[in-house]
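Peer 1: Here you go, data09.txt (compact mmCIF, C-alpha atoms):
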```
# COMPACT_ATOMS: atom_id res chain seq x y z
CA MET O 1223 -10.87 12.98 27.94
CA THR O 1224 -10.20 9.77 26.04
CA LEU O 1225 -10.34 9.65 22.25
CA LEU O 1226 -13.74 7.96 22.44
CA ASP O 1227 -14.94 10.63 24.87
CA ILE O 1228 -14.04 13.44 22.48
CA CYS O 1229 -15.60 11.59 19.54
CA SER O 1230 -18.80 11.08 21.49
CA TYR O 1231 -18.80 14.75 22.50
CA ALA O 1232 -18.45 15.86 18.87
CA VAL O 1233 -21.32 13.63 17.73
CA GLU O 1234 -23.59 14.81 20.54
CA GLU O 1235 -22.90 18.47 19.75
CA ALA O 1236 -23.62 17.91 16.06
CA LEU O 1237 -26.97 16.25 16.84
CA LYS O 1238 -27.86 19.15 19.16
CA GLN O 1239 -27.48 21.41 16.13
CA ASN O 1240 -29.97 19.28 14.18
CA ALA O 1241 -27.59 17.20 12.15
CA ASP O 1242 -29.45 14.13 10.90
CA GLU O 1243 -26.33 12.00 11.18
CA ALA O 1244 -22.86 12.67 12.59
CA GLU O 1245 -19.50 10.92 12.76
CA ALA O 1246 -16.23 11.75 14.51
CA TYR O 1247 -12.95 10.02 13.70
CA THR O 1248 -9.83 10.77 15.71
CA MET O 1249 -6.21 9.65 15.74
CA LEU O 1250 -3.29 9.83 18.13
CA ASP O 1251 0.02 9.18 16.39
CA LYS O 1252 3.33 8.77 18.24
CA GLU O 1253 6.11 8.51 15.68
CA ALA O 1254 9.89 8.50 15.44
CA GLU O 1255 11.63 8.59 12.06
CA ILE O 1256 15.32 8.42 11.25
CA PHE O 1257 16.65 9.54 7.86
CA LEU O 1258 19.79 8.34 6.11
CA GLU O 1259 21.42 10.28 3.29
CA SER O 1260 24.67 9.89 1.34
CA SER O 1261 25.79 6.90 3.43
CA ASP O 1262 25.39 8.83 6.69
CA LEU O 1263 22.86 9.63 9.39
CA LYS O 1264 20.94 12.71 8.26
CA GLN O 1265 18.06 13.57 10.60
CA VAL O 1266 16.07 12.37 13.60
CA LYS O 1267 12.41 13.37 13.90
CA SER O 1268 9.94 12.58 16.65
CA HIS O 1269 6.42 13.81 17.20
CA ARG O 1270 3.15 13.14 18.95
CA LYS O 1271 0.06 14.52 17.26
CA THR O 1272 -3.68 14.28 17.59
CA SER O 1273 -6.36 15.13 15.05
CA ILE O 1274 -10.07 14.73 14.53
CA GLY O 1275 -12.32 14.73 11.47
CA ILE O 1276 -16.03 15.50 11.84
CA ARG O 1277 -18.58 14.51 9.20
CA VAL O 1278 -22.24 15.54 9.39
CA PHE O 1279 -25.26 15.12 7.14
CA VAL O 1280 -28.09 17.64 7.13
CA LYS O 1281 -30.89 16.49 4.83
CA ASN O 1282 -28.36 14.38 2.90
CA SER O 1283 -25.98 17.33 2.48
CA LEU O 1284 -22.39 16.74 3.57
CA GLY O 1285 -20.36 18.93 5.88
CA PHE O 1286 -16.83 18.03 6.92
CA THR O 1287 -14.09 19.71 8.93
CA SER O 1288 -10.89 18.56 10.59
CA VAL O 1289 -8.63 20.05 13.24
CA ASN O 1290 -5.24 19.04 14.67
CA SER O 1291 -6.45 19.26 18.25
CA ILE O 1292 -8.86 17.45 20.51
CA GLU O 1293 -9.43 20.34 22.92
CA LYS O 1294 -13.18 20.69 23.48
CA GLU O 1295 -13.35 24.32 22.33
CA LYS O 1296 -11.61 23.59 19.02
CA VAL O 1297 -13.68 20.46 18.49
CA LEU O 1298 -16.87 22.43 19.07
CA ASP O 1299 -15.73 25.06 16.54
CA ALA O 1300 -15.09 22.26 14.05
CA VAL O 1301 -18.59 20.87 14.64
CA ASN O 1302 -20.10 24.31 14.07
CA ASN O 1303 -18.17 24.70 10.82
CA ALA O 1304 -19.22 21.25 9.59
CA ILE O 1305 -22.87 22.11 10.21
CA LYS O 1306 -22.51 25.40 8.31
CA ILE O 1307 -20.87 23.65 5.36
CA ALA O 1308 -23.60 21.00 5.25
CA ARG O 1309 -26.36 23.62 5.18
CA SER O 1310 -24.83 25.22 2.10
CA SER O 1311 -23.86 22.00 0.28
CA PRO O 1312 -25.85 20.16 -2.42
CA LYS O 1313 -28.03 17.22 -1.43
CA ASP O 1314 -27.05 13.70 -2.36
CA LYS O 1315 -29.33 10.80 -1.46
CA HIS O 1316 -26.32 8.50 -1.17
CA ASN O 1317 -24.92 10.52 1.76
CA VAL O 1318 -25.59 8.19 4.70
CA LEU O 1319 -23.59 6.68 7.53
CA PRO O 1320 -23.23 2.91 7.87
CA LYS O 1321 -25.33 1.01 10.35
CA LYS O 1322 -23.55 -0.35 13.40
CA SER O 1323 -21.19 -3.15 12.39
CA LYS O 1324 -20.14 -6.12 14.50
CA VAL O 1325 -16.38 -5.64 14.85
CA LYS O 1326 -13.99 -8.19 16.33
CA LEU O 1327 -10.74 -6.51 17.30
CA LEU O 1328 -7.68 -8.14 15.75
CA ARG O 1329 -4.88 -9.57 17.83
CA GLY O 1330 -1.23 -9.31 16.86
CA ILE O 1331 -1.18 -5.80 15.39
CA TYR O 1332 -0.13 -4.04 18.60
CA ASP O 1333 3.08 -4.63 20.53
CA PRO O 1334 2.95 -3.01 24.01
CA HIS O 1335 6.76 -2.77 23.95
CA ALA O 1336 6.37 -0.16 21.21
CA GLU O 1337 5.21 2.34 23.84
CA ASN O 1338 8.75 2.42 25.25
CA PHE O 1339 10.50 2.53 21.87
CA GLU O 1340 12.54 5.72 21.82
CA PRO O 1341 14.10 7.75 18.96
CA ALA O 1342 17.46 6.48 20.21
CA ASP O 1343 16.30 2.90 19.53
CA ALA O 1344 15.19 3.84 16.03
CA THR O 1345 18.55 5.54 15.44
CA LYS O 1346 20.36 2.38 16.48
CA TYR O 1347 18.47 0.31 13.91
CA ALA O 1348 19.00 2.88 11.16
CA ILE O 1349 22.75 2.94 11.78
CA GLU O 1350 22.85 -0.86 11.89
CA MET O 1351 21.09 -1.03 8.52
CA LEU O 1352 23.55 1.47 7.03
CA LYS O 1353 26.62 -0.35 8.38
CA THR O 1354 25.38 -3.74 7.16
CA ALA O 1355 24.83 -2.45 3.64
CA CYS O 1356 28.15 -0.62 3.41
CA SER O 1357 30.18 -3.48 4.91
CA TYR O 1358 28.75 -5.96 2.38
CA ASP O 1359 30.92 -4.50 -0.37
CA ARG O 1360 33.02 -1.32 -0.53
CA ARG O 1361 31.28 -0.40 -3.80
CA VAL O 1362 27.86 -0.04 -2.14
CA SER O 1363 26.63 3.54 -1.81
CA VAL O 1364 23.50 4.31 0.23
CA ASP O 1365 21.68 7.29 -1.25
CA SER O 1366 18.84 7.36 1.28
CA GLY O 1367 16.91 5.32 3.81
CA THR O 1368 14.57 5.56 6.78
CA PHE O 1369 13.62 3.72 9.92
CA ASN O 1370 10.17 4.53 11.28
CA SER O 1371 8.39 3.51 14.45
CA SER O 1372 4.76 4.43 14.93
CA VAL O 1373 2.06 3.76 17.49
CA VAL O 1374 -1.35 4.88 16.23
CA THR O 1375 -4.61 4.83 18.13
CA HIS O 1376 -7.71 5.51 16.07
CA ALA O 1377 -11.23 5.86 17.39
CA LEU O 1378 -14.63 6.43 15.79
CA CYS O 1379 -18.12 7.27 17.01
CA ASN O 1380 -21.24 7.93 14.99
CA SER O 1381 -24.91 8.62 15.56
CA ASN O 1382 -25.77 4.98 14.74
CA ASP O 1383 -24.32 3.89 18.10
CA THR O 1384 -20.92 2.90 16.74
CA GLU O 1385 -18.06 3.30 19.23
CA LEU O 1386 -14.73 1.76 18.24
CA GLU O 1387 -11.11 2.16 19.24
CA GLU O 1388 -7.86 0.25 18.68
CA THR O 1389 -4.09 0.76 18.79
CA ILE O 1390 -1.66 -0.41 16.11
CA SER O 1391 2.13 -0.49 16.21
CA VAL O 1392 4.25 -0.46 13.05
CA PHE O 1393 8.00 -0.60 12.58
CA SER O 1394 9.15 -0.09 8.99
CA TRP O 1395 12.45 0.53 7.24
CA ASN O 1396 13.76 1.06 3.74
CA ILE O 1397 17.06 1.63 1.98
CA MET O 1398 17.90 2.92 -1.50
CA GLY O 1399 21.10 3.41 -3.43
CA MET O 1400 23.53 1.92 -5.92
CA ALA O 1401 26.92 0.32 -6.37
CA ILE O 1402 29.82 2.33 -7.82
CA ASP O 1403 32.97 0.75 -9.27
CA GLU O 1404 35.04 3.59 -10.75
CA ASP O 1405 33.11 4.59 -13.92
CA ASP O 1406 30.61 1.77 -13.61
CA VAL O 1407 27.43 2.71 -11.74
CA SER O 1408 24.62 0.21 -11.12
CA ASN O 1409 20.91 0.97 -11.28
CA PHE O 1410 19.29 2.26 -8.11
CA ASP O 1411 17.63 -0.36 -5.95
CA PHE O 1412 15.04 0.04 -3.20
CA GLN O 1413 14.28 -2.49 -0.47
CA PHE O 1414 11.60 -2.30 2.21
CA ASN O 1415 10.30 -4.31 5.12
CA GLY O 1416 8.21 -3.85 8.24
CA THR O 1417 6.45 -5.53 11.14
CA HIS O 1418 4.01 -4.92 13.98
CA SER O 1419 6.30 -6.55 16.55
CA MET O 1420 9.54 -5.14 17.95
CA LYS O 1421 11.13 -8.59 18.23
CA GLU O 1422 10.65 -9.16 14.48
CA ILE O 1423 12.65 -6.10 13.38
CA ASP O 1424 15.35 -7.31 10.98
CA VAL O 1425 17.15 -4.48 9.22
CA ASN O 1426 20.17 -6.64 8.40
CA SER O 1427 18.37 -8.93 5.95
CA THR O 1428 16.93 -5.90 4.14
CA ALA O 1429 20.33 -4.20 3.97
CA GLU O 1430 22.03 -7.35 2.67
CA GLU O 1431 19.37 -7.88 0.00
CA PHE O 1432 19.78 -4.29 -1.14
CA ALA O 1433 23.60 -4.54 -1.24
CA ARG O 1434 23.57 -7.87 -3.06
CA SER O 1435 21.11 -6.52 -5.64
CA VAL O 1436 23.10 -3.40 -6.55
CA VAL O 1437 26.44 -5.25 -6.70
CA ASN O 1438 24.90 -7.89 -8.97
CA THR O 1439 23.86 -5.25 -11.50
CA LEU O 1440 27.37 -3.87 -12.02
CA ASN O 1441 28.99 -4.55 -15.41
CA ALA O 1442 25.60 -4.36 -17.14
CA LYS O 1443 25.62 -4.83 -20.92
CA LYS O 1444 23.55 -3.51 -23.78
CA ILE O 1445 21.50 -6.13 -25.61
CA ASP O 1446 19.64 -6.47 -28.88
CA SER O 1447 15.88 -6.02 -28.96
CA LEU O 1448 13.88 -9.16 -28.28
CA LYS O 1449 10.41 -10.54 -27.73
CA GLY O 1450 10.21 -12.98 -24.89
CA THR O 1451 9.32 -13.50 -21.24
CA MET O 1452 9.06 -10.70 -18.68
CA LEU O 1453 9.89 -11.97 -15.18
CA LEU O 1454 8.67 -9.41 -12.66
CA SER O 1455 10.15 -9.20 -9.17
CA PRO O 1456 7.70 -8.45 -6.33
CA ASN O 1457 8.77 -4.78 -6.56
CA ALA O 1458 7.95 -4.74 -10.27
CA VAL O 1459 4.66 -6.58 -9.70
CA HIS O 1460 3.71 -3.77 -7.33
CA GLU O 1461 4.71 -1.05 -9.80
CA LEU O 1462 3.29 -2.59 -12.97
CA LEU O 1463 0.41 -4.90 -12.08
CA GLN O 1464 -0.92 -4.11 -8.63
CA GLU O 1465 -1.37 -0.38 -9.12
CA VAL O 1466 -3.48 -0.95 -12.24
CA ILE O 1467 -5.57 -3.70 -10.63
CA THR O 1468 -6.33 -1.64 -7.52
CA PHE O 1469 -7.39 1.27 -9.72
CA ALA O 1470 -9.68 -0.96 -11.77
CA ILE O 1471 -11.44 -2.58 -8.78
CA ASN O 1472 -12.10 0.71 -7.00
CA SER O 1473 -15.84 1.33 -7.11
CA GLN O 1474 -15.32 5.10 -7.43
CA ASN O 1475 -13.48 4.53 -10.71
CA VAL O 1476 -16.03 1.96 -11.85
CA GLN O 1477 -18.87 4.43 -11.25
CA LYS O 1478 -16.98 7.23 -13.04
CA GLY O 1479 -16.47 4.98 -16.06
CA THR O 1480 -12.67 5.06 -15.87
CA SER O 1481 -12.20 1.42 -14.85
CA LYS O 1482 -11.34 -1.24 -17.41
CA PHE O 1483 -13.15 -3.73 -15.15
CA ALA O 1484 -16.52 -1.96 -15.36
CA LYS O 1485 -19.31 -4.46 -16.13
CA MET O 1486 -16.80 -7.32 -15.86
CA LEU O 1487 -17.97 -9.01 -12.64
CA GLY O 1488 -18.04 -12.76 -13.12
CA LYS O 1489 -15.89 -12.54 -16.23
CA LYS O 1490 -12.33 -13.63 -16.82
CA VAL O 1491 -9.89 -10.73 -16.58
CA ALA O 1492 -6.60 -12.61 -16.02
CA SER O 1493 -4.88 -15.96 -16.28
CA SER O 1494 -6.52 -18.71 -14.22
CA LYS O 1495 -3.26 -18.82 -12.26
CA LEU O 1496 -3.98 -15.42 -10.66
CA THR O 1497 -5.91 -14.92 -7.41
CA VAL O 1498 -5.88 -11.49 -5.74
CA ILE O 1499 -7.23 -10.83 -2.25
CA ASP O 1500 -7.75 -7.66 -0.21
CA ASP O 1501 -7.61 -8.61 3.46
CA ALA O 1502 -7.16 -6.17 6.35
CA THR O 1503 -7.67 -9.06 8.79
CA PHE O 1504 -4.33 -10.60 7.70
CA THR O 1505 -2.32 -9.51 10.72
CA ASP O 1506 1.13 -10.00 9.16
CA GLY O 1507 0.26 -7.19 6.76
CA LEU O 1508 1.09 -3.60 7.66
CA GLY O 1509 -2.37 -2.54 6.45
CA ALA O 1510 -4.10 -4.67 9.09
CA GLU O 1511 -6.93 -2.98 11.01
CA SER O 1512 -10.13 -4.18 12.65
CA PHE O 1513 -12.43 -1.56 11.15
CA ASP O 1514 -12.33 0.86 8.24
CA ARG O 1515 -12.44 4.67 8.13
CA GLU O 1516 -16.18 4.72 8.83
CA GLY O 1517 -16.40 1.92 11.39
CA VAL O 1518 -17.35 -0.99 9.13
CA ALA O 1519 -15.73 -4.28 10.08
CA HIS O 1520 -12.85 -5.25 7.85
CA MET O 1521 -13.13 -8.57 6.04
CA LYS O 1522 -11.34 -10.80 3.59
CA ASN O 1523 -12.38 -9.83 0.06
CA VAL O 1524 -11.49 -12.15 -2.81
CA ILE O 1525 -11.16 -9.75 -5.74
CA ILE O 1526 -9.93 -12.03 -8.53
CA SER O 1527 -10.29 -15.81 -8.17
CA ASN O 1528 -8.46 -18.00 -10.67
CA GLY O 1529 -8.59 -15.16 -13.17
CA VAL O 1530 -12.29 -14.30 -12.67
CA LEU O 1531 -13.30 -10.90 -11.31
CA LYS O 1532 -15.39 -11.49 -8.20
CA ARG O 1533 -15.99 -8.05 -6.69
CA TYR O 1534 -15.21 -4.36 -6.52
CA ILE O 1535 -14.23 -2.64 -3.28
CA TYR O 1536 -16.76 -0.25 -1.69
CA ASN O 1537 -17.27 2.23 1.08
CA THR O 1538 -20.78 3.08 2.28
CA TYR O 1539 -21.36 5.88 -0.24
CA THR O 1540 -20.33 3.95 -3.36
CA ALA O 1541 -22.10 0.83 -2.12
CA LYS O 1542 -25.39 2.69 -1.74
CA LYS O 1543 -24.97 4.05 -5.25
CA ASP O 1544 -24.72 0.51 -6.64
CA GLY O 1545 -27.26 -1.05 -4.29
CA ALA O 1546 -24.44 -3.13 -2.80
CA LYS O 1547 -22.88 -3.55 0.64
CA SER O 1548 -19.71 -1.89 1.86
CA THR O 1549 -16.73 -4.23 1.62
CA GLY O 1550 -15.03 -2.45 4.54
CA ASN O 1551 -12.82 -0.42 2.24
CA ALA O 1552 -13.53 3.10 3.42
CA SER O 1553 -10.07 4.63 3.63
CA GLY O 1554 -8.42 7.87 4.64
CA SER O 1555 -7.31 9.84 7.65
CA THR O 1556 -8.91 12.54 9.79
CA ASN O 1557 -8.14 15.14 7.12
CA SER O 1558 -10.94 14.32 4.68
CA PRO O 1559 -14.18 12.36 4.31
CA PRO O 1560 -13.74 8.64 3.62
CA SER O 1561 -12.66 7.56 0.16
CA VAL O 1562 -12.24 4.02 -1.20
CA GLY O 1563 -8.94 2.16 -0.90
CA THR O 1564 -7.29 -1.23 -0.53
CA THR O 1565 -5.81 -2.63 2.68
CA ASN O 1566 -3.45 -5.61 2.53
CA VAL O 1567 -3.26 -6.66 -1.12
CA ILE O 1568 -2.28 -10.30 -1.42
CA PHE O 1569 -1.41 -12.14 -4.61
CA GLU O 1570 -1.72 -15.83 -3.84
CA ASN O 1571 1.55 -17.63 -4.36
CA GLY O 1572 1.96 -20.26 -7.06
CA LYS O 1573 3.24 -23.82 -7.17
CA HIS O 1574 6.66 -23.21 -8.71
CA SER O 1575 9.91 -22.01 -7.17
CA LEU O 1576 11.65 -18.98 -8.65
CA ASP O 1577 14.55 -21.16 -9.80
CA SER O 1578 12.23 -23.56 -11.62
CA ILE O 1579 10.45 -20.66 -13.32
CA ILE O 1580 13.76 -19.29 -14.60
CA LYS O 1581 14.65 -22.73 -15.98
CA GLU O 1582 11.48 -22.66 -18.12
CA ILE O 1583 12.41 -19.35 -19.79
CA LYS O 1584 14.25 -19.64 -23.11
CA LYS O 1585 14.72 -15.91 -23.59
CA GLY O 1586 13.58 -13.05 -21.42
CA ILE O 1587 14.36 -10.28 -18.97
CA VAL O 1588 14.13 -10.14 -15.19
CA ILE O 1589 12.71 -6.75 -14.20
CA ASN O 1590 13.64 -5.82 -10.65
CA ARG O 1591 12.09 -2.35 -10.89
CA PHE O 1592 10.15 -0.44 -13.54
CA SER O 1593 10.58 3.25 -14.25
CA GLY O 1594 8.18 4.77 -16.75
CA ASN O 1595 4.57 5.58 -17.56
CA ILE O 1596 1.54 3.44 -16.76
CA ASN O 1597 -1.98 4.40 -17.76
CA PRO O 1598 -4.30 2.82 -15.16
CA ILE O 1599 -7.34 3.43 -17.34
CA ASN O 1600 -6.33 1.55 -20.50
CA GLY O 1601 -3.35 -0.35 -19.04
CA ASP O 1602 -0.70 0.82 -21.51
CA PHE O 1603 2.82 0.99 -20.10
CA SER O 1604 6.25 1.92 -21.41
CA GLY O 1605 9.48 2.61 -19.61
CA VAL O 1606 12.93 1.53 -18.59
CA VAL O 1607 13.94 -1.80 -17.06
CA LYS O 1608 15.82 -1.17 -13.81
CA GLY O 1609 18.07 -3.77 -12.22
CA GLY O 1610 17.35 -6.07 -15.15
CA HIS O 1611 19.01 -9.35 -16.08
CA LEU O 1612 18.98 -11.27 -19.34
CA ILE O 1613 17.70 -14.86 -19.19
CA GLU O 1614 18.89 -17.31 -21.85
CA ASN O 1615 18.06 -21.00 -22.02
CA GLY O 1616 16.91 -21.25 -18.43
CA SER O 1617 19.80 -19.35 -16.83
CA ILE O 1618 20.45 -15.76 -15.81
CA ALA O 1619 23.14 -14.63 -18.23
CA SER O 1620 24.10 -11.06 -17.33
CA PRO O 1621 22.80 -7.71 -16.03
CA VAL O 1622 21.45 -5.43 -18.76
CA LYS O 1623 21.24 -1.68 -19.28
CA GLU O 1624 19.35 0.75 -21.50
CA VAL O 1625 16.51 -1.70 -22.08
CA MET O 1626 13.00 -0.40 -22.71
CA VAL O 1627 9.82 -2.41 -22.21
CA ALA O 1628 6.31 -1.67 -23.43
CA GLY O 1629 2.96 -3.39 -23.41
CA ASN O 1630 -0.48 -3.45 -21.81
CA VAL O 1631 -1.13 -4.54 -18.24
CA PHE O 1632 -4.59 -5.99 -18.96
CA GLU O 1633 -3.18 -8.10 -21.78
CA ALA O 1634 -0.21 -9.11 -19.61
CA LEU O 1635 -2.57 -10.37 -16.88
CA LYS O 1636 -4.05 -12.81 -19.38
CA LYS O 1637 -0.61 -14.04 -20.48
CA ILE O 1638 0.77 -14.91 -17.04
CA ALA O 1639 2.77 -18.11 -17.39
CA TYR O 1640 4.00 -18.75 -13.83
CA ILE O 1641 3.61 -17.38 -10.31
CA SER O 1642 6.31 -18.16 -7.75
CA ARG O 1643 5.96 -19.85 -4.38
CA GLU O 1644 8.18 -17.13 -2.92
CA ARG O 1645 6.49 -13.89 -1.88
CA LYS O 1646 7.74 -10.62 -0.46
CA LYS O 1647 6.22 -7.86 1.66
CA ILE O 1648 6.06 -4.62 -0.33
CA PHE O 1649 4.56 -1.92 1.88
CA ASP O 1650 1.08 -3.33 2.72
CA SER O 1651 1.17 -5.98 -0.02
CA PHE O 1652 2.38 -9.57 -0.32
CA LEU O 1653 3.59 -10.22 -3.85
CA PRO O 1654 5.29 -13.08 -5.73
CA TYR O 1655 7.48 -13.21 -8.84
CA ILE O 1656 5.33 -13.38 -11.97
CA SER O 1657 6.39 -14.34 -15.50
CA VAL O 1658 4.52 -13.07 -18.56
CA ASP O 1659 5.14 -14.34 -22.08
CA GLY O 1660 5.16 -12.40 -25.36
CA ILE O 1661 6.57 -9.06 -24.15
CA SER O 1662 8.61 -6.74 -26.40
CA PHE O 1663 11.93 -5.33 -25.16
CA THR O 1664 13.96 -2.70 -27.00
CA GLY O 1665 17.74 -2.85 -26.57
CA GLY O 1666 20.07 0.11 -26.33
```
Just give me the structure as structure tokens.

Peer 2:
Amino acid sequence: MTLLDICSYAVEEALKQNADEAEAYTMLDKEAEIFLESSDLKQVKSHRKTSIGIRVFVKNSLGFTSVNSIEKEKVLDAVNNAIKIARSSPKDKHNVLPKKSKVKLLRGIYDPHAENFEPADATKYAIEMLKTACSYDRRVSVDSGTFNSSVVTHALCNSNDTELEETISVFSWNIMGMAIDEDDVSNFDFQFNGTHSMKEIDVNSTAEEFARSVVNTLNAKKIDSLKGTMLLSPNAVHELLQEVITFAINSQNVQKGTSKFAKMLGKKVASSKLTVIDDATFTDGLGAESFDREGVAHMKNVIISNGVLKRYIYNTYTAKKDGAKSTGNASGSTNSPPSVGTTNVIFENGKHSLDSIIKEIKKGIVINRFSGNINPINGDFSGVVKGGHLIENGSIASPVKEVMVAGNVFEALKKIAYISRERKKIFDSFLPYISVDGISFTGG
């Protein structure tokens, strides 16, 4: 039986048992993953797994079960269990399935060559990445890294006549470590990249960027405390800004009263220089898919436009609660009912090059990575600058160590001075360099 066949079977069986609505979501994942550790090849893993999640509503009561098999007997048992759970669960009038959505399948997110990609091929790329990093400079030490190849087929059927299926290929790789020069040890650095297409795999550029970064942070110096400009790398934008924004725009958090952006639609929440988009239809992004976890067509959602909050992200449940429409942001796997989540998060790039932004900074710190505490509810953050560099009079002066930074993300969003033309892929996000004025740094 195909994935759609088994989904259809599960829905039919649920309806036979008097479910008012039923949904089946299944996945087939073929994956190979290579692990690096201590500048050596550590482990090779390969697996092929199938799973199915079954969601039913009986008089607006939810029942859900999942099983790591698509054999008919086990699927039928899962259906029976979901029905039992629904009959003993509380009613909720917002428990409904979405109506059938018109879905146009994306092109460019599946490479047929990925079907013949073997663990040996993944191992070759992992070793190549390791050799490139270590040959860049004898002081480079690779602590860990991975190369992953995955071909995922996901399919969904529901009792509202939705039948959808697509296959997605993803190749991704990362490397982490430091540079060691006798007693001098740099900060850790982490670099990542990925693609849907086998011909676009480029582990060498990632390895070189990692090696260059850790070598450039050797001979770091302590500095005096200062108040100046914070220049965030794309990695730091992801850690400091993006995580807080995605928490604040999530309709589940808005409805629970834990979002700073509650009741802020149409109001200014950031500098007019900032535009943030959630777009699963952007096929260069690793979060690209044609439909969400409950079969709603993905779409381009402008979240913040020139500093103004335009929308929250919804699945069907949270949308019904607010009298809104799903934004195609039902997320999750077969292991649980749909939640709400982002897809490809894109910060629109700015008009200035990174070099020109640095020239405008009289005194500040480049933050390559941030390590510390961030409160997504109120936006307060404090922690250690990792891979940092001092900027003085428009030039990068020296790497720094033992520097602390503290502030508030929501205030920082309003004080954005520049956004770079350059952007980088960080997991399923596309992020630029961002400078923020008026930030306090504490020297060691």

Peer 1: When distances are computed from all atoms listed in the file, which of O:Gly1594, O:Gly1399, O:Gly1545, O:Pro1560 shows the smallest separation from Val1436 (chain O)?

Peer 2: O:Gly1399

Peer 1: Quick one: of O:Ala1342, O:Lys1636, O:Lys1608, O:Gly1563, who's nearest to Ser1408 (chain O), counting all atoms listed in the file?

Peer 2: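 Going through O:Ala1342, O:Lys1636, O:Lys1608, O:Gly1563 one by one, the smallest distance to Ser1408 (chain O) is for O:Lys1608.
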
Peer 1: Set the distance at 6 Å and use all atoms listed in the file: which residues neighbour Thr1368 (chain O) once local chain neighbours fewer than 6 positions away are removed? I'd like the list as a list in words.

Peer 2: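 Residues meeting the cut-off are Ile1256, Phe1257, Leu1258, Trp1395 and Asn1396 of chain O.
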
Peer 1: Given the point (-15.1, -4.7, -8.8) in the file's coordinates, find the residues that have an atom at most 8 Å from it, counting all atoms listed in the file, and give them as a PDB file with C-alpha atoms, in the coordinates of the input.

Peer 2:
```pdb
ATOM      1  CA  ALA O1470      -9.680  -0.960 -11.770  1.00  0.00           C
ATOM      2  CA  ILE O1471     -11.440  -2.580  -8.780  1.00  0.00           C
ATOM      3  CA  ASN O1472     -12.100   0.710  -7.000  1.00  0.00           C
ATOM      4  CA  SER O1473     -15.840   1.330  -7.110  1.00  0.00           C
ATOM      5  CA  VAL O1476     -16.030   1.960 -11.850  1.00  0.00           C
ATOM      6  CA  PHE O1483     -13.150  -3.730 -15.150  1.00  0.00           C
ATOM      7  CA  ALA O1484     -16.520  -1.960 -15.360  1.00  0.00           C
ATOM      8  CA  MET O1486     -16.800  -7.320 -15.860  1.00  0.00           C
ATOM      9  CA  LEU O1487     -17.970  -9.010 -12.640  1.00  0.00           C
ATOM     10  CA  ILE O1525     -11.160  -9.750  -5.740  1.00  0.00           C
ATOM     11  CA  LEU O1531     -13.300 -10.900 -11.310  1.00  0.00           C
ATOM     12  CA  LYS O1532     -15.390 -11.490  -8.200  1.00  0.00           C
ATOM     13  CA  ARG O1533     -15.990  -8.050  -6.690  1.00  0.00           C
ATOM     14  CA  TYR O1534     -15.210  -4.360  -6.520  1.00  0.00           C
ATOM     15  CA  ILE O1535     -14.230  -2.640  -3.280  1.00  0.00           C
TER      16      ILE O1535
END
```

Peer 1: Excluding same-chain residues fewer than 4 positions from Val1562 (chain O), what lies within 7 Å of it counting only C-alpha atoms, as a PyMOL selection string?

Peer 2: chain O and resi 1472+1536-1537+1551-1553

Peer 1: Tell me, as a count of residues only, which residues lie within 6 Å of Ser1371 (chain O), counting only C-alpha atoms; anything in the same chain fewer than 2 positions away does not count.

Peer 2: 4

Peer 1: Smallest atom-to-atom distance to Lys1296 (chain O): which of O:Ala1241, O:Leu1386, O:Ile1276, O:Val1567, using only C-alpha atoms?

Peer 2: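 Of O:Ala1241, O:Leu1386, O:Ile1276, O:Val1567, the one nearest Lys1296 (chain O) is O:Ile1276, counting only C-alpha atoms.
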
Peer 1: Around all of region 1551-1555 of chain O's listed atoms, make the axis-aligned box with 5 Å on each side and tell me centre and edge lengths in Å to one decimal, as lines of an AutoDock Vina configuration file.

Peer 2:
```
center_x = -10.4
center_y = 4.7
center_z = 4.9
size_x = 16.2
size_y = 20.3
size_z = 15.4
```

Peer 1: For Ser1558 (chain O), which residue out of O:His1335, O:Lys1252, O:Lys1573, O:Arg1277 is the nearest one, using all atoms listed in the file?

Peer 2: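 Of O:His1335, O:Lys1252, O:Lys1573, O:Arg1277, the one nearest Ser1558 (chain O), counting all atoms listed in the file, is O:Arg1277.
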
Peer 1: Need the neighbours of (20.3, -2.7, 5.3): which residues are at most 6 Å away, counting only C-alpha atoms, as a ChimeraX atom specification?

Peer 2: /O:1351-1352,1354-1355,1425-1426,1428-1430

Peer 1: In Å to one decimal, how far is CA of Pro1341 (chain O) from CA of Ser1291 (chain O)?

Peer 2: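 Taking CA of Ser1291 (chain O) and CA of Pro1341 (chain O), their separation equals 23.6 Å.
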
Peer 1: To one decimal place in Å, what is the distance between CA of Ser1310 (chain O) and CA of Ile1292 (chain O)?

Peer 2: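 Computing it gives 25.6 Å between the two atoms.
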
Peer 1: Contacts of region 1618-1625 of chain O at 8 Å or less, counting only C-alpha atoms, minus same-chain residues fewer than 4 places along, as a count of residues only?

Peer 2: 22

Peer 1: Would you kindly return, as JSON, numbers by chain, each protein, DNA or RNA residue with an atom no farther than 10 Å from any atom of Ser1230 (chain O), considering all atoms listed in the file and excluding same-chain residues fewer than 2 positions away?

Peer 2: {"O": [1224, 1225, 1226, 1227, 1228, 1232, 1233, 1234, 1235, 1236, 1244, 1245, 1246, 1247, 1378, 1379, 1380, 1381, 1383, 1384, 1385]}

Peer 1: Taking into account only C-alpha atoms, which residue in the set O:Thr1497, O:Ser1575, O:Thr1564, O:Ser1642 is nearest to Phe1469 (chain O)?

Peer 2: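 Looking only at the distances to Phe1469 (chain O), the closest residue turns out to be O:Thr1564.
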